[in-house]
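Undergrad: Take a look at target03.tsv, TSV, C-alpha atoms and all ligand atoms:
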chain	number	residue	atom	x	y	z
A	247	MET	CA	-64.61	-111.30	-13.11
A	248	PRO	CA	-62.71	-108.16	-14.27
A	249	ASP	CA	-58.93	-108.46	-14.56
A	250	SER	CA	-58.35	-106.06	-11.66
A	251	GLN	CA	-60.32	-108.43	-9.38
A	252	HIS	CA	-58.30	-111.39	-10.64
A	253	GLU	CA	-55.07	-109.49	-10.02
A	254	LYS	CA	-56.11	-108.57	-6.50
A	255	ARG	CA	-56.93	-112.18	-5.68
A	256	PHE	CA	-53.73	-113.35	-7.29
A	257	GLN	CA	-51.63	-111.02	-5.14
A	258	GLU	CA	-53.52	-112.14	-2.03
A	259	ARG	CA	-52.66	-115.75	-2.84
A	260	ILE	CA	-49.00	-114.83	-3.32
A	261	ASP	CA	-48.98	-112.91	-0.03
A	262	ALA	CA	-50.51	-115.93	1.69
A	263	GLU	CA	-47.60	-118.05	0.39
A	264	GLN	CA	-49.79	-120.24	-1.84
A	265	LYS	CA	-47.99	-121.69	-4.84
A	266	VAL	CA	-49.21	-120.79	-8.32
A	267	GLU	CA	-49.80	-123.84	-10.53
A	268	PRO	CA	-49.91	-124.03	-14.37
A	269	ARG	CA	-53.72	-124.05	-14.71
A	270	ASP	CA	-54.27	-121.18	-12.26
A	271	TRP	CA	-55.18	-117.70	-13.45
A	272	MET	CA	-52.08	-115.48	-13.52
A	273	PRO	CA	-51.34	-111.98	-14.85
A	274	ASP	CA	-49.78	-111.99	-18.30
A	275	ASP	CA	-46.74	-110.16	-17.01
A	276	TYR	CA	-46.20	-112.77	-14.28
A	277	ARG	CA	-46.19	-115.45	-16.98
A	278	LYS	CA	-43.78	-113.42	-19.13
A	279	MET	CA	-41.45	-112.73	-16.21
A	280	LEU	CA	-41.28	-116.45	-15.43
A	281	VAL	CA	-40.77	-117.54	-19.03
A	282	ARG	CA	-37.92	-115.02	-19.31
A	283	GLN	CA	-36.19	-116.10	-16.11
A	284	ILE	CA	-36.75	-119.86	-16.37
A	285	SER	CA	-35.71	-120.03	-20.03
A	286	GLN	CA	-32.57	-117.96	-19.34
A	287	HIS	CA	-31.86	-120.27	-16.44
A	288	ALA	CA	-32.34	-123.38	-18.63
A	289	HIS	CA	-30.06	-121.96	-21.34
A	290	SER	CA	-27.42	-121.23	-18.67
A	291	GLU	CA	-27.42	-124.86	-17.55
A	292	VAL	CA	-27.04	-126.10	-21.12
A	293	VAL	CA	-24.44	-123.55	-22.29
A	294	GLY	CA	-22.77	-124.07	-18.91
A	295	MET	CA	-21.83	-127.59	-19.97
A	296	LEU	CA	-19.38	-126.21	-22.54
A	297	PRO	CA	-16.59	-124.71	-20.38
A	298	GLU	CA	-16.31	-127.93	-18.35
A	299	GLY	CA	-16.91	-130.21	-21.35
A	300	ASN	CA	-13.65	-128.73	-22.62
A	301	TRP	CA	-11.76	-130.65	-19.89
A	302	ILE	CA	-13.44	-134.07	-19.93
A	303	THR	CA	-10.83	-135.59	-22.23
A	304	ARG	CA	-7.98	-133.91	-20.35
A	305	ALA	CA	-8.95	-134.64	-16.73
A	306	PRO	CA	-5.80	-135.76	-14.86
A	307	SER	CA	-7.09	-139.25	-13.92
A	308	LEU	CA	-9.86	-141.70	-14.76
A	309	HIS	CA	-11.41	-140.95	-11.36
A	310	ARG	CA	-11.49	-137.19	-12.03
A	311	LYS	CA	-12.84	-137.84	-15.53
A	312	THR	CA	-15.82	-139.88	-14.29
A	313	ILE	CA	-16.70	-137.24	-11.69
A	314	LEU	CA	-16.51	-134.41	-14.24
A	315	LEU	CA	-18.52	-136.38	-16.77
A	316	ALA	CA	-21.25	-137.01	-14.21
A	317	LYS	CA	-21.31	-133.33	-13.24
A	318	VAL	CA	-21.66	-132.15	-16.83
A	319	GLN	CA	-24.47	-134.67	-17.37
A	320	ASP	CA	-26.20	-133.31	-14.26
A	321	GLU	CA	-26.17	-129.83	-15.84
A	322	ALA	CA	-27.88	-131.23	-18.96
A	323	GLY	CA	-30.54	-132.73	-16.67
A	324	HIS	CA	-31.03	-129.37	-14.94
A	325	GLY	CA	-31.57	-127.75	-18.33
A	326	LEU	CA	-34.24	-130.33	-19.13
A	327	TYR	CA	-36.12	-129.88	-15.82
A	328	LEU	CA	-36.11	-126.14	-16.43
A	329	TYR	CA	-37.24	-126.28	-20.06
A	330	SER	CA	-40.09	-128.53	-18.85
A	331	ALA	CA	-41.01	-126.05	-16.11
A	332	ALA	CA	-41.08	-123.21	-18.68
A	333	GLU	CA	-43.21	-125.31	-21.05
A	334	THR	CA	-45.97	-125.43	-18.41
A	335	LEU	CA	-46.34	-121.67	-19.05
A	336	GLY	CA	-47.28	-122.15	-22.69
A	337	ILE	CA	-43.99	-121.73	-24.55
A	338	SER	CA	-42.53	-124.66	-26.48
A	339	ARG	CA	-39.01	-125.98	-26.06
A	340	GLU	CA	-38.36	-125.40	-29.79
A	341	GLU	CA	-39.25	-121.73	-29.41
A	342	MET	CA	-36.90	-121.30	-26.44
A	343	ILE	CA	-34.06	-123.07	-28.21
A	344	ASP	CA	-34.58	-120.98	-31.36
A	345	GLN	CA	-34.35	-117.85	-29.21
A	346	LEU	CA	-31.03	-119.06	-27.82
A	347	LEU	CA	-29.55	-120.14	-31.15
A	348	GLU	CA	-30.59	-116.92	-32.87
A	349	GLY	CA	-28.90	-114.89	-30.12
A	350	ARG	CA	-32.23	-113.45	-28.88
A	351	ALA	CA	-32.07	-115.03	-25.42
A	352	LYS	CA	-29.70	-114.42	-22.56
A	353	TYR	CA	-27.80	-117.00	-20.53
A	354	SER	CA	-25.53	-116.46	-17.55
A	355	SER	CA	-22.56	-114.15	-18.21
A	356	ILE	CA	-20.22	-116.54	-16.40
A	357	PHE	CA	-20.19	-119.09	-19.21
A	358	ASN	CA	-18.55	-116.68	-21.62
A	359	TYR	CA	-15.15	-117.02	-19.94
A	360	PRO	CA	-12.56	-119.59	-21.06
A	361	THR	CA	-11.36	-122.61	-19.06
A	362	LEU	CA	-7.60	-122.44	-19.45
A	363	THR	CA	-6.31	-124.98	-16.91
A	364	TRP	CA	-7.48	-127.97	-14.86
A	365	ALA	CA	-7.75	-125.67	-11.83
A	366	ASP	CA	-10.62	-123.92	-13.62
A	367	MET	CA	-12.70	-127.08	-13.07
A	368	GLY	CA	-12.18	-126.53	-9.36
A	369	ALA	CA	-13.00	-122.83	-9.59
A	370	ILE	CA	-16.21	-123.48	-11.55
A	371	GLY	CA	-17.47	-126.09	-9.08
A	372	TRP	CA	-16.54	-124.07	-6.02
A	373	LEU	CA	-17.42	-120.55	-7.18
A	374	VAL	CA	-19.91	-120.92	-10.04
A	375	ASP	CA	-21.93	-123.76	-8.54
A	376	GLY	CA	-21.44	-122.10	-5.15
A	377	ALA	CA	-22.98	-118.86	-6.44
A	378	ALA	CA	-25.71	-120.80	-8.27
A	379	ILE	CA	-26.69	-122.61	-5.05
A	380	ILE	CA	-27.11	-119.39	-3.07
A	381	ASN	CA	-29.43	-118.04	-5.76
A	382	GLN	CA	-31.25	-121.34	-6.23
A	383	VAL	CA	-31.86	-122.14	-2.57
A	384	MET	CA	-33.84	-118.91	-2.56
A	385	LEU	CA	-35.67	-120.10	-5.70
A	386	THR	CA	-36.82	-123.34	-4.00
A	387	ARG	CA	-39.33	-120.98	-2.34
A	388	THR	CA	-40.32	-119.18	-5.53
A	389	SER	CA	-44.07	-118.68	-6.00
A	390	TYR	CA	-44.43	-120.78	-9.18
A	391	GLY	CA	-44.87	-124.45	-8.23
A	392	PRO	CA	-43.11	-126.22	-11.13
A	393	TYR	CA	-40.05	-123.90	-10.91
A	394	SER	CA	-39.83	-124.30	-7.15
A	395	ARG	CA	-39.99	-128.12	-7.36
A	396	ALA	CA	-37.34	-128.23	-10.11
A	397	MET	CA	-35.09	-126.11	-7.87
A	398	VAL	CA	-35.31	-128.56	-4.97
A	399	ARG	CA	-33.91	-131.37	-7.12
A	400	ILE	CA	-31.31	-129.14	-8.74
A	401	CYS	CA	-29.98	-127.76	-5.45
A	402	LYS	CA	-29.22	-131.25	-4.15
A	403	GLU	CA	-26.95	-131.88	-7.12
A	404	GLU	CA	-25.37	-128.43	-7.05
A	405	SER	CA	-24.21	-129.01	-3.48
A	406	PHE	CA	-22.26	-132.04	-4.63
A	407	HIS	CA	-20.82	-130.00	-7.53
A	408	GLN	CA	-19.67	-127.28	-5.18
A	409	ARG	CA	-17.91	-129.76	-2.90
A	410	GLN	CA	-16.16	-131.52	-5.78
A	411	GLY	CA	-14.86	-128.18	-7.11
A	412	TYR	CA	-13.57	-127.13	-3.71
A	413	GLN	CA	-11.90	-130.50	-3.30
A	414	ILE	CA	-10.04	-130.07	-6.63
A	415	LEU	CA	-8.66	-126.72	-5.48
A	416	MET	CA	-7.84	-128.02	-2.01
A	417	THR	CA	-5.79	-130.82	-3.57
A	418	LEU	CA	-3.95	-128.40	-5.88
A	419	SER	CA	-3.32	-125.99	-3.00
A	420	LYS	CA	-1.62	-128.73	-1.01
A	421	GLY	CA	0.45	-129.77	-4.04
A	422	THR	CA	3.64	-128.43	-5.62
A	423	PRO	CA	4.25	-124.65	-5.80
A	424	GLU	CA	3.22	-124.82	-9.49
A	425	GLN	CA	-0.06	-126.51	-8.59
A	426	LYS	CA	-0.79	-123.96	-5.87
A	427	ALA	CA	-0.05	-121.15	-8.33
A	428	MET	CA	-2.47	-122.74	-10.79
A	429	ALA	CA	-5.21	-122.78	-8.12
A	430	GLN	CA	-4.52	-119.13	-7.24
A	431	ASP	CA	-4.59	-118.13	-10.92
A	432	ALA	CA	-8.00	-119.79	-11.33
A	433	LEU	CA	-9.37	-117.92	-8.31
A	434	ASP	CA	-7.92	-114.67	-9.70
A	435	ARG	CA	-9.72	-115.13	-13.03
A	436	TRP	CA	-13.07	-116.47	-11.76
A	437	TRP	CA	-13.69	-114.37	-8.64
A	438	TRP	CA	-15.06	-111.19	-10.23
A	439	PRO	CA	-17.11	-112.93	-12.96
A	440	ALA	CA	-18.65	-115.12	-10.19
A	441	LEU	CA	-19.76	-111.98	-8.33
A	442	MET	CA	-21.40	-110.72	-11.54
A	443	MET	CA	-23.55	-113.86	-11.75
A	444	PHE	CA	-25.94	-112.33	-9.20
A	445	GLY	CA	-26.85	-109.61	-11.67
A	446	PRO	CA	-26.67	-105.80	-11.49
A	447	SER	CA	-26.85	-103.90	-8.21
A	448	ASP	CA	-30.38	-103.58	-6.85
A	449	LYS	CA	-30.53	-99.94	-7.89
A	450	ASP	CA	-29.90	-100.95	-11.54
A	451	SER	CA	-31.95	-104.14	-11.55
A	452	VAL	CA	-34.88	-103.80	-13.94
A	453	HIS	CA	-37.01	-106.67	-12.69
A	454	SER	CA	-36.26	-107.07	-8.97
A	455	VAL	CA	-39.05	-104.93	-7.50
A	456	GLN	CA	-41.88	-106.60	-9.44
A	457	SER	CA	-40.28	-110.02	-9.21
A	458	MET	CA	-40.05	-109.74	-5.42
A	459	LYS	CA	-43.62	-108.48	-5.17
A	460	TRP	CA	-44.70	-111.67	-6.92
A	461	LYS	CA	-42.24	-113.68	-4.81
A	462	ILE	CA	-40.53	-115.06	-7.90
A	463	LYS	CA	-37.26	-113.76	-6.47
A	464	ARG	CA	-37.31	-113.46	-2.70
A	465	GLN	CA	-34.03	-111.65	-2.12
A	466	GLY	CA	-32.28	-108.88	-4.01
A	467	ASN	CA	-29.17	-109.37	-6.16
A	468	ASP	CA	-26.93	-107.47	-3.71
A	469	GLU	CA	-28.04	-109.42	-0.65
A	470	LEU	CA	-27.32	-112.75	-2.37
A	471	ARG	CA	-23.95	-111.51	-3.62
A	472	GLN	CA	-23.02	-110.47	-0.07
A	473	THR	CA	-24.04	-113.89	1.29
A	474	PHE	CA	-21.81	-115.53	-1.30
A	475	ILE	CA	-18.82	-113.35	-0.40
A	476	ASP	CA	-19.29	-113.88	3.35
A	477	ARG	CA	-19.39	-117.64	2.88
A	478	THR	CA	-16.64	-117.98	0.31
A	479	VAL	CA	-13.85	-115.79	1.71
A	480	PRO	CA	-13.23	-118.05	4.76
A	481	GLN	CA	-13.23	-121.08	2.42
A	482	ALA	CA	-10.47	-119.45	0.34
A	483	GLU	CA	-8.47	-118.68	3.48
A	484	PHE	CA	-8.86	-122.27	4.69
A	485	ILE	CA	-7.07	-123.62	1.61
A	486	GLY	CA	-4.45	-120.86	1.64
A	487	LEU	CA	-5.71	-118.88	-1.40
A	488	LYS	CA	-6.06	-115.12	-1.60
A	489	VAL	CA	-9.20	-113.46	-2.93
A	490	PRO	CA	-8.06	-110.96	-5.61
A	491	ASP	CA	-9.62	-107.88	-4.05
A	492	PRO	CA	-7.38	-105.38	-2.20
A	493	ASP	CA	-10.47	-103.72	-0.70
A	494	LEU	CA	-11.84	-106.91	0.83
A	495	LYS	CA	-12.11	-106.46	4.58
A	496	TRP	CA	-14.20	-107.87	7.43
A	497	ASN	CA	-16.47	-105.19	8.85
A	498	GLU	CA	-17.15	-105.79	12.58
A	499	LYS	CA	-20.00	-103.32	12.59
A	500	THR	CA	-22.02	-104.84	9.73
A	501	GLN	CA	-20.75	-108.39	10.34
A	502	HIS	CA	-20.13	-108.68	6.58
A	503	TYR	CA	-17.15	-108.32	4.28
A	504	ASP	CA	-16.71	-104.96	2.55
A	505	PHE	CA	-15.51	-105.49	-0.99
A	506	GLY	CA	-14.13	-103.57	-3.97
A	507	LYS	CA	-15.92	-102.17	-7.04
A	508	ILE	CA	-17.32	-104.61	-9.57
A	509	ASP	CA	-16.49	-103.77	-13.19
A	510	TRP	CA	-20.06	-103.34	-14.47
A	511	GLU	CA	-18.76	-102.21	-17.84
A	512	GLU	CA	-17.26	-105.67	-18.32
A	513	PHE	CA	-20.58	-107.26	-17.23
A	514	ARG	CA	-22.61	-105.19	-19.70
A	515	ASN	CA	-20.20	-106.05	-22.50
A	516	VAL	CA	-20.40	-109.77	-21.79
A	517	ILE	CA	-24.21	-109.83	-21.74
A	518	LYS	CA	-24.27	-107.80	-24.97
A	519	GLY	CA	-22.42	-110.68	-26.65
A	520	ASN	CA	-18.88	-109.34	-26.50
A	521	GLY	CA	-17.34	-111.53	-23.80
A	522	PRO	CA	-14.24	-113.64	-24.49
A	523	CYS	CA	-16.23	-116.72	-25.57
A	524	ASN	CA	-19.78	-115.61	-26.52
A	525	ARG	CA	-19.39	-116.38	-30.21
A	526	GLU	CA	-17.66	-119.70	-29.56
A	527	ARG	CA	-20.41	-120.79	-27.13
A	528	LEU	CA	-23.25	-120.03	-29.53
A	529	ALA	CA	-21.40	-121.67	-32.43
A	530	ALA	CA	-20.96	-124.83	-30.32
A	531	ARG	CA	-24.67	-124.90	-29.39
A	532	ARG	CA	-25.72	-124.37	-33.03
A	533	LYS	CA	-23.46	-127.20	-34.18
A	534	ALA	CA	-24.79	-129.53	-31.45
A	535	HIS	CA	-28.35	-128.66	-32.51
A	536	GLU	CA	-27.62	-129.41	-36.18
A	537	ASP	CA	-25.74	-132.62	-35.34
A	538	GLY	CA	-28.70	-133.75	-33.23
A	539	ALA	CA	-31.31	-133.21	-35.97
A	540	TRP	CA	-31.41	-136.90	-36.91
A	541	VAL	CA	-31.93	-137.91	-33.27
A	542	ARG	CA	-34.92	-135.57	-32.94
A	543	ALA	CA	-36.35	-136.82	-36.26
A	544	ALA	CA	-35.94	-140.48	-35.19
A	545	ALA	CA	-37.52	-139.85	-31.78
A	546	LEU	CA	-40.50	-138.07	-33.39
A	547	ALA	CA	-40.96	-140.84	-35.97
A	548	HIS	CA	-40.93	-143.43	-33.17
A	549	ALA	CA	-43.45	-141.47	-31.11
A	550	GLU	CA	-45.76	-141.11	-34.13
A	551	LYS	CA	-45.52	-144.85	-34.84
A	552	GLN	CA	-46.38	-145.67	-31.23
A	553	ALA	CA	-49.34	-143.27	-31.27
A	554	LYS	CA	-50.70	-144.87	-34.50
A	555	LYS	CA	-50.32	-148.33	-32.96
A	556	LYS	CA	-52.25	-147.23	-29.89
A	557	ALA	CA	-55.02	-145.64	-31.98
A	558	ALA	CA	-55.42	-148.76	-34.20
B	1	LIG	N1	-25.86	-112.99	-16.90
B	1	LIG	O1	-33.34	-106.98	-13.52
B	1	LIG	P1	-32.28	-108.00	-13.33
B	1	LIG	C1	-25.58	-122.24	-13.01
B	1	LIG	C2	-29.79	-109.73	-17.05
B	1	LIG	S1	-27.07	-121.55	-13.29
B	1	LIG	C3	-26.61	-112.62	-17.96
B	1	LIG	O2	-31.59	-108.02	-12.02
B	1	LIG	P2	-33.49	-110.57	-12.80
B	1	LIG	C4	-25.51	-123.74	-12.85
B	1	LIG	C5	-31.22	-110.10	-16.72
B	1	LIG	O3	-31.58	-111.30	-17.34
B	1	LIG	C6	-26.70	-119.82	-13.52
B	1	LIG	N2	-27.65	-111.77	-17.84
B	1	LIG	O4	-32.86	-109.44	-13.72
B	1	LIG	C7	-24.28	-124.23	-13.46
B	1	LIG	C8	-31.96	-108.89	-17.25
B	1	LIG	O5	-32.02	-108.95	-18.67
B	1	LIG	P3	-33.43	-109.13	-19.50
B	1	LIG	C9	-27.89	-119.11	-13.96
B	1	LIG	C10	-27.92	-111.28	-16.60
B	1	LIG	O6	-33.97	-111.63	-13.70
B	1	LIG	C11	-23.08	-124.22	-12.78
B	1	LIG	C12	-31.00	-107.77	-16.93
B	1	LIG	O7	-29.71	-108.35	-16.82
B	1	LIG	N3	-28.79	-118.93	-12.85
B	1	LIG	O8	-24.67	-121.53	-12.95
B	1	LIG	C13	-27.18	-111.65	-15.47
B	1	LIG	O9	-34.45	-110.00	-11.83
B	1	LIG	C14	-21.92	-124.72	-13.37
B	1	LIG	C15	-31.37	-107.02	-15.66
B	1	LIG	O10	-31.18	-107.83	-14.48
B	1	LIG	C16	-30.00	-118.41	-13.04
B	1	LIG	O11	-30.39	-118.10	-14.14
B	1	LIG	C17	-26.10	-112.54	-15.65
B	1	LIG	N4	-25.32	-112.93	-14.64
B	1	LIG	O12	-32.24	-111.10	-11.95
B	1	LIG	C18	-24.32	-124.75	-14.74
B	1	LIG	C19	-30.86	-118.28	-11.80
B	1	LIG	N5	-27.69	-111.01	-14.40
B	1	LIG	O13	-33.97	-110.49	-19.17
B	1	LIG	C20	-23.16	-125.27	-15.35
B	1	LIG	C21	-32.23	-117.74	-12.10
B	1	LIG	C22	-28.71	-110.26	-14.86
B	1	LIG	O14	-34.35	-108.04	-19.04
B	1	LIG	C23	-21.96	-125.25	-14.64
B	1	LIG	N6	-32.20	-116.35	-12.44
B	1	LIG	N7	-28.84	-110.42	-16.18
B	1	LIG	O15	-33.03	-109.02	-20.94
B	1	LIG	C24	-32.23	-115.34	-11.55
B	1	LIG	O16	-32.25	-115.54	-10.35
B	1	LIG	C25	-32.30	-113.92	-12.09
B	1	LIG	O17	-32.74	-113.98	-13.42
B	1	LIG	C26	-30.94	-113.16	-11.99
B	1	LIG	C27	-31.14	-111.75	-12.60
B	1	LIG	C28	-30.52	-113.01	-10.53
B	1	LIG	C29	-29.84	-113.86	-12.78
Mind turning this structure into structure tokens?
Ligand code: FAQ
TA:
Amino acid sequence: MPDSQHEKRFQERIDAEQKVEPRDWMPDDYRKMLVRQISQHAHSEVVGMLPEGNWITRAPSLHRKTILLAKVQDEAGHGLYLYSAAETLGISREEMIDQLLEGRAKYSSIFNYPTLTWADMGAIGWLVDGAAIINQVMLTRTSYGPYSRAMVRICKEESFHQRQGYQILMTLSKGTPEQKAMAQDALDRWWWPALMMFGPSDKDSVHSVQSMKWKIKRQGNDELRQTFIDRTVPQAEFIGLKVPDPDLKWNEKTQHYDFGKIDWEEFRNVIKGNGPCNRERLAARRKAHEDGAWVRAAALAHAEKQAKKKAA
């Protein structure tokens, strides 16, 4: 069958809401688009462990420490589901990790900001996981089967992460004036970077049109960002914190919040590698990769030994 016929059938299947599975025919560009997005997503989960990992030894109680530890481990698990989903498209995990370590792959801009106080653990759970959920609930319905199934599992855990972050900030907000100020400071620093997580405005988004045609993404970046703002502003008000945007205002007519201008120059700089922590994050991942070389070698040697035993 000529490629154009294949492509026509493929689009018909997408339009009929049938999931695409690894052995199915798919256009090369569909495969590339998925490898790009899923690998970036996997790298984000793994690099995303670093800002919170910074606070595991300094959590204010044993109880808080165990919760944070479990959350960071969950993120590692999400990375692994996602690398596995990308591998079904014909790229190896080694290749994806090399791309990250050599600075050739992107990961979410948000993880290039520093975690300065304990309140940042609250802000990450509430805002960063909160933003991730809104994007990922949409992705549970993505057209590629393995990605969609990974998202279902991941979203369940992200909901718990969001609640634990909000609970940290709620506790601080009800605490001493210093604790409340710490919570407000965290919201002030994380609000705008959280809005940038959804990516550039639809008019500047390179991939959205094709991605939505293939139902990889099912909503635009701006729509998801608006949903996040509409949900999060009342949550901030409920715990007595103020969103750092003088232009934020409920609009009766649209039934959404109007909000101020996002600093896209800052966003572009961060994704170019010039955010406050880009170099530190990549250096930490490279060191972890080198330190783990003996574990990978031992695991491979064991697997080879088992395979020989089986063959004998
Ligand atoms: N950061 O044309 P679009 C989490 C890039 S998981 C860096 O709109 P697209 C869990 C984009 O890649 C967070 N780069 O692209 C957690 C493209 O560059 P390229 C990660 C960004 O793909 C919580 C270019 O800009 N979530 O947080 C960003 O259609 C706590 C043009 O953009 C996902 O990855 C950005 N924020 O839409 C973990 C979800 N935004 O590739 C630990 C899956 C855009 O041409 C602790 N991904 N770019 O070089 C997606 O839904 C999409 O890829 C978007 C971007 C929405 C991120």
Undergrad: Which is closer to ligand LIG 1 (chain B) than all the others in A:Ala432, A:Met247, A:Ala440, A:Ile517, using all atoms listed in the file?
TA: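 Of A:Ala432, A:Met247, A:Ala440, A:Ile517, the one nearest ligand LIG 1 (chain B) is A:Ile517, counting all atoms listed in the file.
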Undergrad: Expressed in Å to a single decimal, how great is the separation between atom CA of A:Arg477 and atom CA of A:Arg399?
TA: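 Calculated distance between atom CA of A:Arg477 and atom CA of A:Arg399 is 22.3 Å.
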Undergrad: How would you write, as a PyMOL selection string, the set of residues no farther than 8 Å from ligand LIG 1 (chain B) when counting all atoms listed in the file?
TA: chain A and resi 279+282-284+286-288+290-295+297-298+318+321+351-357+370-371+374-375+377-379+381-382+385+404+407+442-448+450-454+457+463+466-467+513+516-517
Undergrad: Could you state the separation of atom CA of A:Asp493 and atom CA of A:Gly521 in Å, given to one decimal place?
TA: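 Going from atom CA of A:Asp493 over to atom CA of A:Gly521, I get 25.3 Å.
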Undergrad: Could you jot down the atom CA of A:Ile462 to atom CA of A:Arg255 separation for me, Å, one decimal place?
TA: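 Atom CA of A:Ile462 sits 16.8 Å away from atom CA of A:Arg255.
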Undergrad: Pick the closest to A:Arg269 from A:Leu494, A:Leu335, A:Ala316, A:Val281: which is it, counting all atoms listed in the file?
TA: A:Leu335
Undergrad: Under the rule that only C-alpha atoms are counted, which of A:His289, A:Trp460, A:Leu328, A:Ala530 is the nearest residue to A:Ala262?
TA: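 For A:Ala262, the nearest of the given residues is A:Trp460.
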Undergrad: Identify the residues within 12 Å of coordinate (-50.2, -115.6, -15.8) (same frame as the file), considering all atoms listed in the file, and give the answer as JSON, numbers by chain.
TA: {"A": [249, 252, 253, 256, 257, 266, 267, 268, 269, 270, 271, 272, 273, 274, 275, 276, 277, 278, 279, 280, 281, 334, 335, 336, 389, 390, 460]}
Undergrad: I need the residue nearest A:Gln472 from this list: A:Arg259, A:His502, A:Arg339, A:Lys555. Use all atoms listed in the file for the distance.
TA: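 Of A:Arg259, A:His502, A:Arg339, A:Lys555, the one nearest A:Gln472, counting all atoms listed in the file, is A:His502.
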Undergrad: Which one of A:Ile400, A:Asn358, A:Arg409, A:Ser419 sits closest to A:Glu512 if you count only C-alpha atoms?
TA: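 Using only C-alpha atoms, A:Glu512 sits closest to A:Asn358.
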Undergrad: Which residue, A:Ala558, A:Ala369, A:Leu314, A:Val479, has the smallest gap to A:Trp436 when you use all atoms listed in the file?
TA: A:Ala369
Undergrad: Place N, CA and C atoms on stretch 397-410 of chain A and deliver the coordinates as a compact mmCIF listing (two decimals), keeping the file's coordinate frame.
TA:
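Here's the written file result36.txt:
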# COMPACT_ATOMS: atom_id res chain seq x y z
N MET A 397 -36.23 -126.65 -8.63
CA MET A 397 -35.09 -126.11 -7.87
C MET A 397 -34.67 -127.03 -6.72
N VAL A 398 -35.64 -127.69 -6.10
CA VAL A 398 -35.31 -128.56 -4.97
C VAL A 398 -34.38 -129.68 -5.45
N ARG A 399 -34.74 -130.27 -6.58
CA ARG A 399 -33.91 -131.37 -7.12
C ARG A 399 -32.54 -130.84 -7.55
N ILE A 400 -32.55 -129.69 -8.21
CA ILE A 400 -31.31 -129.14 -8.74
C ILE A 400 -30.34 -128.78 -7.61
N CYS A 401 -30.86 -128.19 -6.55
CA CYS A 401 -29.98 -127.76 -5.45
C CYS A 401 -29.23 -128.93 -4.83
N LYS A 402 -29.89 -130.09 -4.74
CA LYS A 402 -29.22 -131.25 -4.15
C LYS A 402 -27.97 -131.58 -4.95
N GLU A 403 -28.10 -131.54 -6.28
CA GLU A 403 -26.95 -131.88 -7.12
C GLU A 403 -25.89 -130.78 -7.11
N GLU A 404 -26.35 -129.53 -7.06
CA GLU A 404 -25.37 -128.43 -7.05
C GLU A 404 -24.48 -128.47 -5.81
N SER A 405 -25.03 -128.96 -4.70
CA SER A 405 -24.21 -129.01 -3.48
C SER A 405 -23.04 -129.98 -3.68
N PHE A 406 -23.33 -131.10 -4.34
CA PHE A 406 -22.26 -132.04 -4.63
C PHE A 406 -21.24 -131.40 -5.59
N HIS A 407 -21.73 -130.65 -6.57
CA HIS A 407 -20.82 -130.00 -7.53
C HIS A 407 -19.89 -129.01 -6.82
N GLN A 408 -20.47 -128.29 -5.88
CA GLN A 408 -19.67 -127.28 -5.18
C GLN A 408 -18.55 -127.96 -4.39
N ARG A 409 -18.91 -129.05 -3.71
CA ARG A 409 -17.91 -129.76 -2.90
C ARG A 409 -16.81 -130.35 -3.77
N GLN A 410 -17.20 -130.90 -4.96
CA GLN A 410 -16.16 -131.52 -5.78
C GLN A 410 -15.20 -130.44 -6.33
